[in-house]
Amino acid sequence: MSKVKVLMLRAPGTNRDIDTQIAFEMAGASVVESALVNELTSKEKSLDNYQIMIIPGGFTYGDDISAGRIMANEIKLGLGKDIRRFVEDGRLVMGICNGFQVLVKTGILPGIAGQSEQPVTLTNNDSGKFECRWVYLKANEKSPCIVTRGIDMIYAPVAHGEGKLVTERDTLEKLSVTLQYVDEKGKSGAGYPYNPNGSLNDIAGICDPTGRIFGMMPHPEDFVRWTQHPRWSSEKEQKGLYGLQIFRNAVVWAKGI
Amino acid sequence: MYRIEVSVKQGFADPRSNGLQKDILDLGITSVTKAKVSSVYLLEGALEPNELITICRELLADPIVEEYVTQVSPAPEGARLAEVAYNPGVMDPVEESVKKGIRDLGIKTVTAVRTATKYLFWGDVTDETLQSICDKLLVNSIVQHIVASKEAVVLPSANYQFQLEKIDIASMDDDALMELSKGRFWLNIHEMRIIQNYFKKLGRKPTDVELETLAQTWSEHCCHKTFKAKITLGDKIIDSLIKSTVMKVTQELNKPWCLSVFKDNAGVIDFDGRYAVCFKVETHNHPSAVEPYGGAATGIGGVIRDPLGTGLGAFPILNTDVFCFGPPDYPYDKLPKGVLHPRRIFKGVRAGVADYGNRMGIPTSNGAILFDERYIGNPLVYCGTVGIMPKRMSQKGMQKPGDLVVVVGGKTGRDGIHGVTFASGDLDKESETLSQSSVQIGNPIVEKKALDAIIQARDLGLYRRITDCGGGGLSSAVGEMAEETGVRVNLEKVPLKYAGLSYMEIWVSESQERMLLAVPPDKIDYLMAIFKREDVEASIIGEFTDTKRLELFYRGNQVCDLDMEFLHNGLPQLEREAVWQPPENPEPDFAQSEDLIGDLKKILGAWNVCSKEWVIRQYDHEVQGTSVLKPLVGKASDGPGDAAIIQPLADSRKGLIISNGINPKYGDIDPYWMAASAIDEALRQIIAVGGDLREVALLDNFCWGNPEKPDRLGALVRAAQACYDIASVYGTPFVSGKDSLYNEYETGEDTIRIPHTLLISAMGVMDDVGRAVTMDCKEEDDSIYIVGATYKELGGSHYYALHDAVGSSVPKVNAEKGKQLMNALAAATQKGLVKACHDLSEGGIGVAVAEMAFAGGLGIQIDLTKVPLAETIERDDFVLFSESNSRFLVEVAPEHKSVFEKVLKGVVCADIGQVTKEKKLEITGSDGKVIVNANIDGLKEAWQKTLRW
């Protein structure tokens with residue numbers, strides 16, 4: 001299959017669908033469409049027509065109760081099986097920011113066998129505040145993650161109030177960490193504000209054991225053009241830092257399905 | 001009833017509780033050693049035990065970091081308890097989400113939900129301390145209360161029995177008319193008499209809803225009667241201030257790119273031939289004064305609906321907000337009765353705007369925050385939104401008779417009743433209680449859903465016209481939209497939040513998140529299907545007619561029958577007296593301080609100048625991926641950017657620059673020069689970031705005192721006059737504007753009038769975002785130029801304020817020279833000759849050069865004697881801190897100096913120093929003496945520490 005089709009799964013309050021669509025189109029996807037959860041559960045639209053399913057950022061249902069919780073329940077109860085089959089078929093599931101929160105709260109991530117229903121959570125930033133700032137991310141080369149393949153570092157903004165990854169110690173050891181908050185030289189353990197939320201082990205993104213389900217808090221879709229870089233007018237362009245790489249990797253994989 | 005308490009488990013970070021503890025410390029209360037916050041959910045309905053557990057585990061409590069209890073848990077020993085809940089009737093958006101979440105779990109028996117917050121305090125907490133914490137931090141009695149004992153989840157809803165209220169206006173004398181008007185309609189005696197005569201002629205009594213409709217349509221808020229009045233100032237008669245100033249300049253300039261000005265909900269200009277952009281700035285001052293969070297949230301929510309209700313609907317692409325508050329360190333014991341502390345207003349407003357704007361997915365890219373003691377009773381909350389739409393959709397639509405009136409978005413409740421008339425009177429210490437029903441709480445997700453559905457319907461051409469439901473509710477929206485045709489509305493068709501609303505309440509309610517559409521009957525099914533899929537309320541409430549009448553019915557009973565002509569044109573032009581007497585503020589007499597570094601640090605750390613990073617980072621300025629020049633710039637992304645630039649279309653390098661100019665301190669000397677300076681400042685910022693004056697549109701937002709007082713009005717006339725004079729020369733038309741008058745606070749003994757405040761917002765189109773320039777200095781050995789002449793203009797300056805003086809030498813504007821200079825500088829930027837540029841405003845050269853240095857992480861050395869002076873200034877401190885307009889500091893690379901000077905030929909410009917590697921700001925004064933030699937880290941710290949909350 002060469003035509004790559006992407007489905008953006010949305011709910012009331014999804015708002016980074018525009019950015020996500022642009023990123024996927026730049027990365028070479030042929031079709032980028034969106035659907036509400038209820039359009040899938042009512043079978044108006046079908047996941048079968050797509051190779052990539054992404055839950056974009058936003059504030060689904062206002063992040064009331066806790067970020068992503070209500071959409072997570074909607075998915076868990078209505079689409080859980082479909083998504084499992086989608087991944088078993090070798091397709092990709094991605095979640096960014098609110099989408100990551102949703103994937104974690106459904107238990108789809110980290111997807112480690114023998115764990116409780118939701119072994120990981122994303123909760124209030126240590127600062128107690130929503131924060132918008134750019135962060136450096138280092139990719140874990142040992143991770144099975146499809147979309148971070150070949151990536152060394154990424155620079156991207158975070159814009160969230162509940163991005164701190166927390167889990168129990170034994171889960172932490174088994175987690176497939178794909179991205180970590182680091183300083184500009186790529187070193188982890190740099191502390192706030194490099195790690196903007198207090199995430200355990202500076203974790204910014206994780207994947208499931210197959211590497212085909214992936215979630216991250218920062219917004220790679222908001223760094224696809226050099227003029228989005230906070231210091232583009234004074235620094236030399238570094239293509240290697242683009243968030244676009246993630247979407248390119250996804251599209252390349254999907255072309256091979 | 002079931003009660004569930006959710007709190008953070010022991011051993012996990014609890015930022016919410018920690019934040020509260022810090023806020024308590026900030027109040028000066030040191031006896032609280034620990035605070036703990038829990039969320040409380042009250043559910044009504046019949047639940048099986050396992051269902052309750054499911055709700056707790058899968059919905060309300062996080063399995064990793066939270067725990068829950070399902071019983072009432074008394075305060076642990078040694079702890080004090082306070083539980084806070086919303087007042088009955090106040091909408092709590094979380095309730096809807098919880099209900100939906102429970103339904104999703106397959107549990108259908110929960111009928112009602114309420115939420116509350118439980119607080120526990122440890123330490124030596126006396127009754128008095130607890131009371132103080134509740135009053136100052138936790139409870140706003142307008143919307144919340146302390147839960148006393150067991151409260152019912154649902155209050156029995158009142159049943160509404162229809163009874164038509166008619167008012168016997170014909171027999172009333174003037175006293176009786178004013179008695180009727182007072183506190184309800186806010187109309188004056190002339191207006192009341194006109195209404196009386198109208199109904200006398202008709203030979204019938206008006207209904208309450210007819211009077212309400214007239215009062216709203218004729219309110220200051222809706223029809224700006226002061227700006228349209230005939231004003232006498234000395235021997236001059238001004239026939240409509242708005243038509244003879246801001247609208248006149250637009251008319252005379254007659255720019256072809258102005259697509260729709262002063263006639264729609266926002267001003268529209270061409271963007272690139274394919275798309276049009278529109279911009280509107282509104283204020284939400286009175287609601288924010290009494291309930292900062294809800295007032296500000298609905299302020300931004302309301303202004304977002306303006307672009308959405310412009311043309312056939314524009315998609316919002318940028319938010320901007322400008323706040324004016326009392327000083328955050330204002331002593332509590334000096335606060336007038338009935339006034340919330342400025343710190344609390346500030347925090348509430350910030351949170352309200354952020355929570356709404358962030359949830360809507362609109363970047364907040366520009367703004368300002370100003371402080372002055374006179375804003376203590378009347379804070380100002382300006383919110384602006386820019387929208388984009390295909391150019392062919394930029395004109396206001398027009399319904400046809402037979403088209404359906406469709407209200408979409410939120411349901412209607414009692415919220416905000418009388419908001420418009422409330423905004424047209426002064427606030428006083430009673431306002432807090434009087435205005436209870438005027439408070440509105442926002443629900444951004446309802447608005448986001450409505451936005452998503454409307455844009456789909458727009459692109460499918462499913463409606464002929466759109467407008468927003470804002471101040472005045474359906475009364476204003478339907479009344480205005482149907483002016484040209486006529487309309488018949490059945491009020492019982494309007495979907496309600498709860499039963500019990502009268503026909504009058506339905507008609508005037510200012511419930512949020514509603515839009516109004518005119519839909520052709522053959523498109524209605526398609527339209528309704530889209531709204532249903534997006535889970536957005538949409539109801540047909542009536543149809544447009546060709547009768548030119550406003551006809552309202554409630555369950556078949558006619559409750560209103562007004563002639564559109566009388567409604568919209570029956571209000572006679574107001575006549576008002578104005579006087580202008582320049583205030584006397586002598587120039588101060590003090591010696592130049594030996595410690596100019598100390599003075600510079602004080603100005604950098606002043607509330608108005610200091611870094612606003614604490615606020616900016618809590619706004620999402622990256623969503624939509626359009627940001628080119630962010631609010632914070634420089635080496636560490638923490639320097640103060642001069643203006644925001646976005647690239648609205650992914651496939652075009654065209655940019656949009658947004659800036660603002662505001663300086664109420666100059667208005668204390670002369671509102672004319674205040675207005676002139678605000679325009680100059682907004683334009684300077686556009687030039688500083690790499691724009692030019694070719695296509696710049698302006699917005700005016702006047703916040704003023706009571707215009708019935710001649711001195712206030714005189715000041716307003718002067719400010720408006722400057723808008724005309726200065727914008728004419730710069731060639732920058734006004735495309736929209738707004739005013740908020742009556743910003744005065746009666747303490748009982750005294751009247752606090754806000755400073756005359758004019759916000760000028762500017763929007764400029766830029767050909768190539770790649771030409772953008774930031775303000776941080778970039779490289780050692782580059783030259784620093786000053787462009788523009790310096791005058792001895794320190795009146796209203798920060799430097800004078802440091803010496804407790806206002807002075808009289810207010811900065812003036814020579815727009816002819818300013819324009820020439822801005823054009824020359826824009827040409828230099830276009831040629832790529834400008835590496836950094838910063839406009840000079842508050843704090844003059846001193847502040848600007850310090851900011852350029854620390855934002856760039858480099859040093860700067862300048863020689864003040866090289867600064868071109870337009871008049872003799874004998875003192876170094878005056879040169880350093882003069883706030884003359886039309887000036888810039890520019891960084892130019894050595895190899896570009898000669899070309900730069902050639903391009904700038906004919907305008908005042910001088911090389912005054914260079915960027916240095918050593919991180920020092922070194923300023924040389926007269927006689928070659930070094931008057932400032934400071935480490936840039938220290939200067940930056942002074943600038944940042946004030947608002948590092």
# chains A, B, ... in the order shown; residues from 1 in each chain; ligands from 1

call {"tool": "residues_around", "arguments": {"residues": "segment 85-98 of chain B", "least_positions_apart": "4", "cutoff": "8 Å", "atoms": "only C-alpha atoms", "output": "ChimeraX atom specification"}}
result
/A:61,64-65,70 /B:102,113-117,142-147,155,414-415,441-443

call {"tool": "residues_around", "arguments": {"residues": "Asp876 of chain B", "least_positions_apart": "2", "cutoff": "6 Å", "atoms": "only C-alpha atoms", "output": "list in words"}}
result
Phe878, Val879 and Gly925 of chain B

call {"tool": "residues_around", "arguments": {"residues": "segment 120-122 of chain A", "least_positions_apart": "6", "cutoff": "6 Å", "atoms": "only C-alpha atoms", "output": "MDAnalysis selection string"}}
result
chainID A and resid 163:167

call {"tool": "residues_around", "arguments": {"residues": "Pro110 of chain A", "least_positions_apart": "4", "cutoff": "8 Å", "atoms": "only C-alpha atoms", "output": "ChimeraX atom specification"}}
result
/A:104,119-120,175-176,206-209

call {"tool": "select_by_dssp", "arguments": {"residues": "segment 97-337 of chain B", "states": "alpha helix (DSSP H)", "output": "PyMOL selection string"}}
result
chain B and resi 97-104+127-133+174-181+189-202+208-217+220-223+225-228+241-244+246-253+285-290+292-308

call {"tool": "closest_residue", "arguments": {"among": "A:Glu221, A:Asp17, A:Glu117, A:Glu88", "to": "Val32 of chain A", "atoms": "only C-alpha atoms"}}
result
A:Asp17

call {"tool": "residues_around", "arguments": {"residues": "Asn706 of chain B", "least_positions_apart": "5", "cutoff": "12 Å", "atoms": "only C-alpha atoms", "output": "list in words"}}
result
Glu220, Thr226, Ala423, Ser424, Gly425, Asp426, Leu427, Arg576, Ala578, Asp711, Arg712, Leu713, Gly714, Ala715, Leu716, Asp739, Ser740, Leu741, Tyr742, Asn743, Glu744, Tyr745, Glu746, Thr751, Ile752, Arg753, Ile754, Pro755 and His756 of chain B
